[in-house]
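What's in entry.cif: mmCIF, C-alpha atoms
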```
data_start
#
loop_
_atom_site.label_atom_id
_atom_site.label_comp_id
_atom_site.auth_asym_id
_atom_site.auth_seq_id
_atom_site.Cartn_x
_atom_site.Cartn_y
_atom_site.Cartn_z
CA MET F 1 9.08 16.15 15.38
CA ALA F 2 8.57 16.04 11.62
CA SER F 3 11.46 16.52 9.20
CA PHE F 4 8.92 16.99 6.39
CA ALA F 5 7.43 20.39 5.62
CA ARG F 6 3.90 19.06 5.17
CA ILE F 7 2.23 15.66 5.21
CA PHE F 8 -0.47 14.77 2.69
CA LEU F 9 -2.77 12.01 3.92
CA LEU F 10 -5.04 10.03 1.63
CA GLY F 11 -6.86 6.72 1.79
CA LYS F 12 -8.53 4.27 -0.51
CA TYR F 13 -11.55 6.12 -1.86
CA ARG F 14 -15.05 4.78 -1.16
CA ASP F 15 -13.76 2.29 1.39
CA SER F 16 -15.66 2.87 4.63
CA GLY F 17 -13.15 0.78 6.56
CA VAL F 18 -10.40 3.30 5.81
CA VAL F 19 -12.11 6.29 7.45
CA PRO F 20 -11.56 5.21 11.10
CA ALA F 21 -7.92 4.47 10.28
CA LEU F 22 -7.54 7.89 8.66
CA ARG F 23 -8.98 9.52 11.77
CA GLN F 24 -6.62 7.57 14.00
CA LEU F 25 -3.57 8.43 11.93
CA ALA F 26 -4.54 12.09 11.48
CA THR F 27 -5.05 12.51 15.22
CA GLN F 28 -1.65 11.00 15.94
CA LEU F 29 0.14 13.11 13.33
CA GLN F 30 -1.42 16.29 14.66
CA HIS F 31 -0.49 15.25 18.19
CA TRP F 32 3.12 15.03 16.99
CA GLY F 33 2.86 18.58 15.63
CA CYS F 34 2.82 17.72 11.93
CA ASP F 35 1.51 20.19 9.34
CA LEU F 36 -1.20 17.94 7.93
CA ARG F 37 -3.32 18.02 4.78
CA VAL F 38 -6.10 15.50 4.05
CA ASP F 39 -7.65 14.40 0.77
CA VAL F 40 -10.57 16.70 -0.04
CA ARG F 41 -12.73 13.60 -0.67
CA HIS F 42 -12.48 12.89 3.08
CA GLN F 43 -12.79 16.51 4.17
CA GLN F 44 -16.19 15.94 5.80
CA ASP F 45 -14.44 13.63 8.26
CA PHE F 46 -11.79 16.27 9.10
CA PRO F 47 -13.59 19.64 9.09
CA ALA F 48 -10.83 21.43 11.02
CA THR F 49 -7.93 20.08 8.93
CA PRO F 50 -6.75 21.76 5.70
CA ALA F 51 -7.61 19.71 2.61
CA PHE F 52 -5.94 19.22 -0.75
CA SER F 53 -7.72 18.51 -4.03
CA SER F 54 -4.69 17.44 -6.04
CA LEU F 55 -1.26 16.02 -5.29
CA ASP F 56 0.08 18.73 -7.58
CA GLU F 57 0.19 20.76 -4.36
CA ALA F 58 2.85 18.44 -2.90
CA LEU F 59 6.44 19.68 -3.26
CA PRO F 60 9.88 18.19 -2.59
CA GLY F 61 10.29 18.24 1.17
CA ASP F 62 6.71 17.10 1.72
CA LEU F 63 5.58 13.54 2.45
CA VAL F 64 2.56 11.67 1.13
CA ILE F 65 1.12 8.89 3.30
CA THR F 66 -1.41 6.46 1.84
CA LEU F 67 -3.76 4.09 3.64
CA GLY F 68 -4.96 1.13 1.65
CA GLY F 69 -3.32 -1.60 -0.37
CA ASP F 70 -0.72 -1.57 -3.10
CA GLY F 71 -3.34 -0.30 -5.56
CA THR F 72 -3.72 2.96 -3.63
CA LEU F 73 0.03 3.28 -3.43
CA LEU F 74 0.49 2.61 -7.16
CA SER F 75 -2.05 5.23 -8.23
CA THR F 76 -0.37 7.77 -5.95
CA ALA F 77 3.07 6.86 -7.31
CA ARG F 78 1.95 7.33 -10.91
CA GLU F 79 0.58 10.77 -10.05
CA LEU F 80 3.81 11.80 -8.30
CA ALA F 81 6.30 10.08 -10.64
CA GLY F 82 9.29 12.31 -11.26
CA ARG F 83 8.25 14.91 -8.66
CA ASN F 84 10.75 13.73 -5.99
CA VAL F 85 8.00 13.63 -3.37
CA PRO F 86 8.36 10.53 -1.16
CA ILE F 87 5.45 8.18 -0.49
CA LEU F 88 4.92 6.04 2.60
CA GLY F 89 2.35 3.24 2.52
CA ILE F 90 0.24 2.05 5.46
CA ASN F 91 -1.04 -1.39 4.49
CA MET F 92 -4.75 -2.11 4.86
CA GLY F 93 -4.94 -4.46 1.87
CA ARG F 94 -4.83 -8.23 1.60
CA LEU F 95 -1.15 -8.74 0.77
CA GLY F 96 0.88 -5.63 0.01
CA PHE F 97 4.53 -5.70 -1.06
CA LEU F 98 4.88 -1.91 -1.27
CA ALA F 99 2.69 -0.70 1.58
CA ASP F 100 4.74 -2.40 4.26
CA ILE F 101 3.67 -0.71 7.54
CA SER F 102 0.65 -2.02 9.42
CA LEU F 103 -1.77 0.34 11.12
CA GLN F 104 -1.00 -1.34 14.45
CA ASP F 105 2.68 -0.39 14.16
CA ILE F 106 2.42 3.33 13.39
CA ILE F 107 3.06 4.51 16.96
CA LYS F 108 6.36 2.63 16.96
CA THR F 109 7.35 2.94 13.32
CA LEU F 110 6.38 6.47 12.26
CA PRO F 111 8.34 8.68 14.72
CA PRO F 112 11.82 7.63 13.46
CA ILE F 113 10.66 8.10 9.87
CA LEU F 114 9.28 11.57 10.59
CA GLN F 115 12.61 12.45 12.18
CA GLY F 116 14.48 11.44 9.01
CA ALA F 117 15.44 7.84 9.82
CA TYR F 118 14.26 6.01 6.71
CA VAL F 119 15.54 4.44 3.51
CA GLU F 120 14.66 5.69 0.03
CA ASP F 121 13.39 3.26 -2.58
CA ARG F 122 13.32 4.50 -6.17
CA ARG F 123 11.35 2.35 -8.62
CA SER F 124 11.42 2.41 -12.41
CA VAL F 125 8.29 3.33 -14.38
CA LEU F 126 7.23 2.27 -17.87
CA HIS F 127 5.76 4.56 -20.53
CA ALA F 128 3.49 2.84 -23.07
CA GLU F 129 1.95 4.22 -26.25
CA LEU F 130 -0.76 2.65 -28.41
CA TRP F 131 -0.42 3.42 -32.12
CA ARG F 132 -3.01 2.74 -34.84
CA GLU F 133 -2.29 3.38 -38.52
CA GLY F 134 0.42 5.88 -37.63
CA SER F 135 -1.63 7.81 -35.07
CA LEU F 136 -1.21 7.84 -31.30
CA VAL F 137 -4.51 6.74 -29.74
CA GLY F 138 -3.51 6.22 -26.09
CA ALA F 139 -0.60 6.50 -23.66
CA GLY F 140 0.16 6.19 -19.98
CA LEU F 141 2.51 5.18 -17.20
CA ALA F 142 2.79 1.81 -15.49
CA LEU F 143 4.64 1.02 -12.29
CA ASN F 144 3.75 -2.68 -12.21
CA GLU F 145 3.13 -3.90 -15.73
CA VAL F 146 2.03 -3.31 -19.29
CA PHE F 147 -0.43 -6.09 -20.13
CA VAL F 148 -1.68 -6.99 -23.61
CA HIS F 149 -4.55 -9.49 -23.51
CA LYS F 150 -7.41 -11.01 -25.45
CA GLY F 151 -10.03 -8.81 -23.78
CA CYS F 152 -13.49 -10.33 -23.52
CA GLY F 153 -12.93 -12.73 -26.39
CA GLU F 154 -12.53 -16.49 -26.05
CA SER F 155 -9.82 -16.97 -28.67
CA MET F 156 -6.08 -16.43 -28.35
CA ILE F 157 -4.42 -13.40 -29.86
CA GLU F 158 -1.23 -13.40 -31.92
CA LEU F 159 1.46 -10.91 -30.97
CA GLY F 160 4.79 -10.03 -32.52
CA VAL F 161 7.43 -8.77 -30.07
CA GLN F 162 10.51 -6.70 -30.93
CA LEU F 163 13.33 -5.64 -28.60
CA ASP F 164 15.29 -2.60 -29.80
CA GLY F 165 14.16 -3.25 -33.37
CA ARG F 166 15.11 -6.93 -33.30
CA GLN F 167 12.52 -9.67 -33.59
CA LEU F 168 12.14 -11.51 -30.28
CA TYR F 169 9.29 -13.85 -31.15
CA THR F 170 5.76 -14.17 -32.44
CA GLU F 171 3.39 -15.89 -30.06
CA ARG F 172 -0.22 -16.96 -29.83
CA ALA F 173 -1.42 -16.67 -26.25
CA ASP F 174 -4.11 -15.24 -24.01
CA GLY F 175 -1.76 -12.32 -23.47
CA LEU F 176 1.69 -11.04 -22.55
CA ILE F 177 2.81 -9.22 -19.41
CA LEU F 178 5.74 -6.81 -19.50
CA SER F 179 6.63 -6.26 -15.86
CA THR F 180 8.98 -4.03 -13.92
CA PRO F 181 10.80 -5.47 -10.88
CA THR F 182 8.04 -3.88 -8.80
CA GLY F 183 5.41 -5.77 -10.78
CA SER F 184 7.29 -9.06 -10.56
CA THR F 185 5.49 -9.73 -7.25
CA ALA F 186 2.10 -8.90 -8.79
CA TYR F 187 0.34 -10.38 -11.84
CA ALA F 188 3.60 -11.64 -13.34
CA LEU F 189 4.24 -13.76 -10.25
CA SER F 190 0.77 -15.30 -10.47
CA ALA F 191 1.47 -16.12 -14.12
CA GLY F 192 4.62 -18.07 -13.23
CA GLY F 193 7.29 -15.41 -13.60
CA PRO F 194 10.32 -15.05 -11.32
CA ILE F 195 10.71 -12.41 -8.63
CA LEU F 196 13.11 -9.57 -9.49
CA THR F 197 14.74 -7.60 -6.69
CA PRO F 198 13.75 -3.90 -6.86
CA GLU F 199 17.23 -2.55 -7.63
CA LEU F 200 17.59 -4.57 -10.85
CA ARG F 201 17.47 -2.52 -14.05
CA ALA F 202 15.50 -5.16 -15.88
CA LEU F 203 12.10 -6.05 -17.29
CA LEU F 204 10.23 -9.32 -17.25
CA LEU F 205 8.24 -10.66 -20.20
CA VAL F 206 5.72 -13.32 -19.18
CA PRO F 207 3.30 -15.08 -21.57
CA ILE F 208 -0.22 -15.93 -20.41
CA CYS F 209 -1.22 -19.45 -21.44
CA PRO F 210 0.99 -19.54 -24.58
CA HIS F 211 0.12 -21.84 -27.47
CA THR F 212 3.81 -22.78 -27.77
CA LEU F 213 4.62 -24.47 -24.48
CA SER F 214 8.35 -23.83 -24.88
CA THR F 215 7.76 -20.06 -24.57
CA ARG F 216 8.97 -19.17 -21.09
CA PRO F 217 9.29 -15.95 -19.06
CA ILE F 218 12.39 -13.99 -20.05
CA VAL F 219 14.31 -11.21 -18.29
CA LEU F 220 15.31 -8.28 -20.52
CA PRO F 221 17.39 -5.11 -20.07
CA ASP F 222 15.16 -2.17 -19.26
CA HIS F 223 17.05 0.48 -21.25
CA LEU F 224 15.98 -1.00 -24.61
CA PRO F 225 12.59 -0.16 -26.16
CA LEU F 226 10.03 -2.85 -26.94
CA ARG F 227 7.26 -3.07 -29.50
CA PHE F 228 4.23 -5.34 -29.52
CA LYS F 229 2.18 -5.75 -32.70
CA LEU F 230 -1.27 -7.29 -32.63
CA ILE F 231 -1.12 -9.58 -35.67
CA THR F 232 -4.35 -11.51 -35.24
CA ALA F 233 -7.33 -11.10 -32.92
CA ARG F 234 -10.77 -12.59 -33.57
CA TYR F 235 -12.26 -10.20 -31.00
CA PRO F 236 -11.08 -6.77 -29.80
CA ALA F 237 -8.02 -7.16 -27.58
CA ALA F 238 -6.94 -4.72 -24.88
CA LEU F 239 -3.93 -2.90 -23.46
CA SER F 240 -3.96 -2.53 -19.67
CA LEU F 241 -1.60 -0.38 -17.60
CA ASP F 242 -1.40 -1.41 -13.93
CA SER F 243 -5.09 -2.38 -14.22
CA HIS F 244 -5.92 1.32 -13.82
CA SER F 245 -6.48 2.20 -17.48
CA SER F 246 -7.42 0.10 -20.48
CA PHE F 247 -7.39 0.76 -24.21
CA PRO F 248 -9.19 -1.40 -26.83
CA MET F 249 -6.97 -2.80 -29.59
CA VAL F 250 -7.66 -3.96 -33.13
CA THR F 251 -5.57 -6.00 -35.53
CA GLY F 252 -2.51 -4.08 -36.71
CA ASP F 253 -2.19 -1.93 -33.58
CA GLU F 254 1.28 -1.44 -32.10
CA ILE F 255 2.36 -0.77 -28.52
CA HIS F 256 5.64 1.08 -27.98
CA VAL F 257 7.11 0.72 -24.50
CA HIS F 258 10.21 2.24 -22.94
CA ARG F 259 11.49 3.01 -19.46
CA ALA F 260 10.16 6.41 -18.50
CA ASP F 261 12.48 9.26 -17.59
CA CYS F 262 10.72 9.59 -14.23
CA GLU F 263 10.86 7.32 -11.17
CA ALA F 264 8.57 6.61 -8.24
CA LEU F 265 9.99 7.43 -4.81
CA PHE F 266 8.97 5.40 -1.77
CA ILE F 267 10.37 5.47 1.74
CA HIS F 268 10.50 2.61 4.25
CA PRO F 269 11.60 2.06 7.85
CA GLN F 270 15.35 1.62 8.13
CA GLU F 271 14.92 -1.99 9.22
CA GLN F 272 12.85 -2.82 6.13
CA ASP F 273 14.27 -5.78 4.20
CA PHE F 274 12.93 -6.98 0.84
CA PHE F 275 13.66 -10.63 1.56
CA ALA F 276 12.04 -10.43 4.97
CA ILE F 277 8.93 -9.10 3.24
CA LEU F 278 8.99 -12.03 0.82
CA ARG F 279 9.41 -14.52 3.66
CA GLY F 280 6.53 -12.96 5.55
CA LYS F 281 4.13 -12.47 2.65
CA LEU F 282 4.85 -15.74 0.83
CA HIS F 283 5.40 -17.85 3.96
CA TRP F 284 8.74 -19.18 2.81
CA ALA F 285 10.34 -21.96 4.86
CA GLU F 286 7.36 -22.33 7.17
CA PRO F 287 6.78 -25.90 8.37
CA PRO F 288 3.88 -27.70 6.70
CA GLY F 289 0.62 -27.66 8.62
CA GLU F 290 -0.87 -30.70 10.21
CA ASP F 291 -3.56 -32.62 8.38
#
```
Please rewrite the model in this file as structure tokens.
Amino acid sequence: MASFARIFLLGKYRDSGVVPALRQLATQLQHWGCDLRVDVRHQQDFPATPAFSSLDEALPGDLVITLGGDGTLLSTARELAGRNVPILGINMGRLGFLADISLQDIIKTLPPILQGAYVEDRRSVLHAELWREGSLVGAGLALNEVFVHKGCGESMIELGVQLDGRQLYTERADGLILSTPTGSTAYALSAGGPILTPELRALLLVPICPHTLSTRPIVLPDHLPLRFKLITARYPAALSLDSHSSFPMVTGDEIHVHRADCEALFIHPQEQDFFAILRGKLHWAEPPGED
């Protein structure tokens, strides 16, 4: 049945609720004749199935399937960014805008995908670098957002922001979010930012509790580099990338951000529709409930 050479199956680590779902999905994939590999961290649950220890083993022509929420999918996408290996998400999280297939639907939804009936979804990735006194002290990729914030301190931080070498503004706030279209339905949305459709080549800059109330979210072109400079911080601030890695910051530090050369590759059922996902997840146009 499968049009993919091999299928790599992984689930949210240390989540006992994922193991039965992994067993169910693995059994079904093997029943369909798929060449299956499972995450070595779950190998004890699949003693007769070949295991993989790193997604470096996945090649173009293979498929990676994740079980969990968007966090599991994001970490997988960062690891595979630029490798041209597609990722399919089975949603077992609370909300999930990327992992859009429910476990209950796999019998109906997976066979067409395994036979090649799917749509590709390429998402932009950000590369961020933290510089201190001319030295690089940290770097990483972000699929959702680059977030500069006040850390554990109680006081606002002051940040200067440049776009392509031009001063954008200086702002005192609890932090600033620089979001991709993918991340526009994540933290940036909770902070009051707009939703960007995935195909837009744009970035979203959203302040967190700004001191200047006229400072609003702004949409920027994603081909221009940005710089953030930490001008004032009473306590150590922090740089966070997709909430998966964090770097402490001190006054004078700079963050250089640009669109990475690599992209994340997801696949979805052919009937998948971004606006249908928004309507379903955000309950748009539903009638108000009764008191």
Nearest candidate to Pro210 of chain F (options F:Leu74, F:Leu95, F:Leu159, F:Ala260; using only C-alpha atoms):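 Among the listed residues, F:Leu159 lies closest to Pro210 of chain F.
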From F:Val257, F:Ile101, F:Leu220, F:Leu189, residue lying nearest Ala142 of chain F [only C-alpha atoms]: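 Once distances to Ala142 of chain F are computed over only C-alpha atoms, the minimum belongs to F:Val257.
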Separation of atom CA of Phe97 of chain F from atom CA of Leu80 of chain F in Å: 19.0 Å
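Nearest-residue note for Leu130 of chain F: choosing from F:Ala264, F:Leu278, F:Val146, F:Ile177, the minimum distance belongs to F:Val146, counting only C-alpha atoms.
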Atom pair atom CA of Asn91 of chain F / atom CA of Gly69 of chain F: separation (Å): 5.4 Å
Residue nearest Leu10 of chain F - candidates F:Gln30, F:Ser102, F:Gln24, F:Thr66, atoms counted: only C-alpha atoms: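 Once distances to Leu10 of chain F are computed over only C-alpha atoms, the minimum belongs to F:Thr66.
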Selection under test: the PyMOL selection byres ((chain F and resi 252) around 7); residues as a ChimeraX atom specification: /F:229-231,250-251,253-254
The selected residues should be written to file as a PDB file, keeping the file's coordinate frame (atoms: C-alpha atoms).
```
ATOM      1  CA  LYS F 229       2.180  -5.750 -32.700  1.00  0.00           C
ATOM      2  CA  LEU F 230      -1.270  -7.290 -32.630  1.00  0.00           C
ATOM      3  CA  ILE F 231      -1.120  -9.580 -35.670  1.00  0.00           C
ATOM      4  CA  VAL F 250      -7.660  -3.960 -33.130  1.00  0.00           C
ATOM      5  CA  THR F 251      -5.570  -6.000 -35.530  1.00  0.00           C
ATOM      6  CA  ASP F 253      -2.190  -1.930 -33.580  1.00  0.00           C
ATOM      7  CA  GLU F 254       1.280  -1.440 -32.100  1.00  0.00           C
TER       8      GLU F 254
END
```
Convert the output of the PyMOL selection byres ((chain F and resi 45-55) around 10) on the shown file into explicit residues, formatted as a PDB file with C-alpha atoms, keeping the file's coordinate frame.
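Result file selection.pdb:
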```pdb
ATOM      1  CA  PHE F   8      -0.470  14.770   2.690  1.00  0.00           C
ATOM      2  CA  LEU F   9      -2.770  12.010   3.920  1.00  0.00           C
ATOM      3  CA  LEU F  10      -5.040  10.030   1.630  1.00  0.00           C
ATOM      4  CA  VAL F  19     -12.110   6.290   7.450  1.00  0.00           C
ATOM      5  CA  PRO F  20     -11.560   5.210  11.100  1.00  0.00           C
ATOM      6  CA  LEU F  22      -7.540   7.890   8.660  1.00  0.00           C
ATOM      7  CA  ARG F  23      -8.980   9.520  11.770  1.00  0.00           C
ATOM      8  CA  ALA F  26      -4.540  12.090  11.480  1.00  0.00           C
ATOM      9  CA  THR F  27      -5.050  12.510  15.220  1.00  0.00           C
ATOM     10  CA  GLN F  30      -1.420  16.290  14.660  1.00  0.00           C
ATOM     11  CA  ASP F  35       1.510  20.190   9.340  1.00  0.00           C
ATOM     12  CA  LEU F  36      -1.200  17.940   7.930  1.00  0.00           C
ATOM     13  CA  ARG F  37      -3.320  18.020   4.780  1.00  0.00           C
ATOM     14  CA  VAL F  38      -6.100  15.500   4.050  1.00  0.00           C
ATOM     15  CA  ASP F  39      -7.650  14.400   0.770  1.00  0.00           C
ATOM     16  CA  VAL F  40     -10.570  16.700  -0.040  1.00  0.00           C
ATOM     17  CA  ARG F  41     -12.730  13.600  -0.670  1.00  0.00           C
ATOM     18  CA  HIS F  42     -12.480  12.890   3.080  1.00  0.00           C
ATOM     19  CA  GLN F  43     -12.790  16.510   4.170  1.00  0.00           C
ATOM     20  CA  GLN F  44     -16.190  15.940   5.800  1.00  0.00           C
ATOM     21  CA  ASP F  56       0.080  18.730  -7.580  1.00  0.00           C
ATOM     22  CA  GLU F  57       0.190  20.760  -4.360  1.00  0.00           C
ATOM     23  CA  ALA F  58       2.850  18.440  -2.900  1.00  0.00           C
ATOM     24  CA  LEU F  59       6.440  19.680  -3.260  1.00  0.00           C
ATOM     25  CA  VAL F  64       2.560  11.670   1.130  1.00  0.00           C
ATOM     26  CA  THR F  76      -0.370   7.770  -5.950  1.00  0.00           C
ATOM     27  CA  GLU F  79       0.580  10.770 -10.050  1.00  0.00           C
ATOM     28  CA  LEU F  80       3.810  11.800  -8.300  1.00  0.00           C
ATOM     29  CA  VAL F  85       8.000  13.630  -3.370  1.00  0.00           C
TER      30      VAL F  85
END
```
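Closest approach to Arg83 of chain F among F:Ala191, F:Leu213, F:Leu63, F:Ile113: F:Leu63, based on only C-alpha atoms.
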Completion step: segment 218-245 of chain F with N, CA and C atoms as a CSV table (one decimal), in the frame of the given file:
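Contents of selection_3.csv, freshly written:
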```
chain,number,residue,atom,x,y,z
F,218,ILE,N,11.0,-14.4,-19.7
F,218,ILE,CA,12.4,-14.0,-20.0
F,218,ILE,C,12.7,-12.6,-19.4
F,219,VAL,N,13.9,-12.5,-18.9
F,219,VAL,CA,14.3,-11.2,-18.3
F,219,VAL,C,15.1,-10.4,-19.3
F,220,LEU,N,14.7,-9.1,-19.5
F,220,LEU,CA,15.3,-8.3,-20.5
F,220,LEU,C,15.9,-7.0,-19.9
F,221,PRO,N,16.9,-6.4,-20.6
F,221,PRO,CA,17.4,-5.1,-20.1
F,221,PRO,C,16.3,-4.0,-20.2
F,222,ASP,N,16.3,-3.1,-19.2
F,222,ASP,CA,15.2,-2.2,-19.3
F,222,ASP,C,15.5,-0.9,-20.0
F,223,HIS,N,16.7,-0.7,-20.5
F,223,HIS,CA,17.0,0.5,-21.2
F,223,HIS,C,16.8,0.4,-22.7
F,224,LEU,N,16.3,-0.8,-23.2
F,224,LEU,CA,16.0,-1.0,-24.6
F,224,LEU,C,14.5,-0.9,-24.8
F,225,PRO,N,14.0,-0.3,-25.9
F,225,PRO,CA,12.6,-0.2,-26.2
F,225,PRO,C,12.0,-1.5,-26.7
F,226,LEU,N,10.7,-1.7,-26.4
F,226,LEU,CA,10.0,-2.8,-26.9
F,226,LEU,C,8.8,-2.4,-27.8
F,227,ARG,N,8.5,-3.3,-28.7
F,227,ARG,CA,7.3,-3.1,-29.5
F,227,ARG,C,6.5,-4.4,-29.5
F,228,PHE,N,5.2,-4.2,-29.4
F,228,PHE,CA,4.2,-5.3,-29.5
F,228,PHE,C,3.3,-5.0,-30.7
F,229,LYS,N,3.1,-5.9,-31.6
F,229,LYS,CA,2.2,-5.8,-32.7
F,229,LYS,C,1.1,-6.8,-32.6
F,230,LEU,N,-0.2,-6.4,-32.6
F,230,LEU,CA,-1.3,-7.3,-32.6
F,230,LEU,C,-1.5,-7.8,-34.1
F,231,ILE,N,-1.1,-9.0,-34.3
F,231,ILE,CA,-1.1,-9.6,-35.7
F,231,ILE,C,-2.5,-10.1,-36.0
F,232,THR,N,-3.0,-10.9,-35.0
F,232,THR,CA,-4.4,-11.5,-35.2
F,232,THR,C,-5.2,-11.5,-33.9
F,233,ALA,N,-6.4,-11.1,-34.1
F,233,ALA,CA,-7.3,-11.1,-32.9
F,233,ALA,C,-8.7,-11.3,-33.5
F,234,ARG,N,-9.4,-12.4,-33.1
F,234,ARG,CA,-10.8,-12.6,-33.6
F,234,ARG,C,-11.8,-11.6,-33.0
F,235,TYR,N,-11.4,-11.2,-31.7
F,235,TYR,CA,-12.3,-10.2,-31.0
F,235,TYR,C,-11.3,-9.0,-30.6
F,236,PRO,N,-11.9,-7.9,-30.2
F,236,PRO,CA,-11.1,-6.8,-29.8
F,236,PRO,C,-10.2,-7.2,-28.6
F,237,ALA,N,-8.9,-6.9,-28.7
F,237,ALA,CA,-8.0,-7.2,-27.6
F,237,ALA,C,-7.9,-5.9,-26.7
F,238,ALA,N,-7.0,-5.9,-25.8
F,238,ALA,CA,-6.9,-4.7,-24.9
F,238,ALA,C,-5.5,-4.5,-24.4
F,239,LEU,N,-5.2,-3.3,-24.1
F,239,LEU,CA,-3.9,-2.9,-23.5
F,239,LEU,C,-4.3,-2.4,-22.1
F,240,SER,N,-3.7,-2.9,-21.0
F,240,SER,CA,-4.0,-2.5,-19.7
F,240,SER,C,-2.7,-2.1,-19.0
F,241,LEU,N,-2.7,-0.9,-18.3
F,241,LEU,CA,-1.6,-0.4,-17.6
F,241,LEU,C,-1.9,-0.4,-16.1
F,242,ASP,N,-1.2,-1.3,-15.4
F,242,ASP,CA,-1.4,-1.4,-13.9
F,242,ASP,C,-2.9,-1.7,-13.6
F,243,SER,N,-3.7,-2.1,-14.5
F,243,SER,CA,-5.1,-2.4,-14.2
F,243,SER,C,-5.9,-1.1,-13.9
F,244,HIS,N,-5.2,0.1,-14.1
F,244,HIS,CA,-5.9,1.3,-13.8
F,244,HIS,C,-6.5,2.0,-15.1
F,245,SER,N,-5.9,1.7,-16.2
F,245,SER,CA,-6.5,2.2,-17.5
F,245,SER,C,-6.4,1.1,-18.6
```
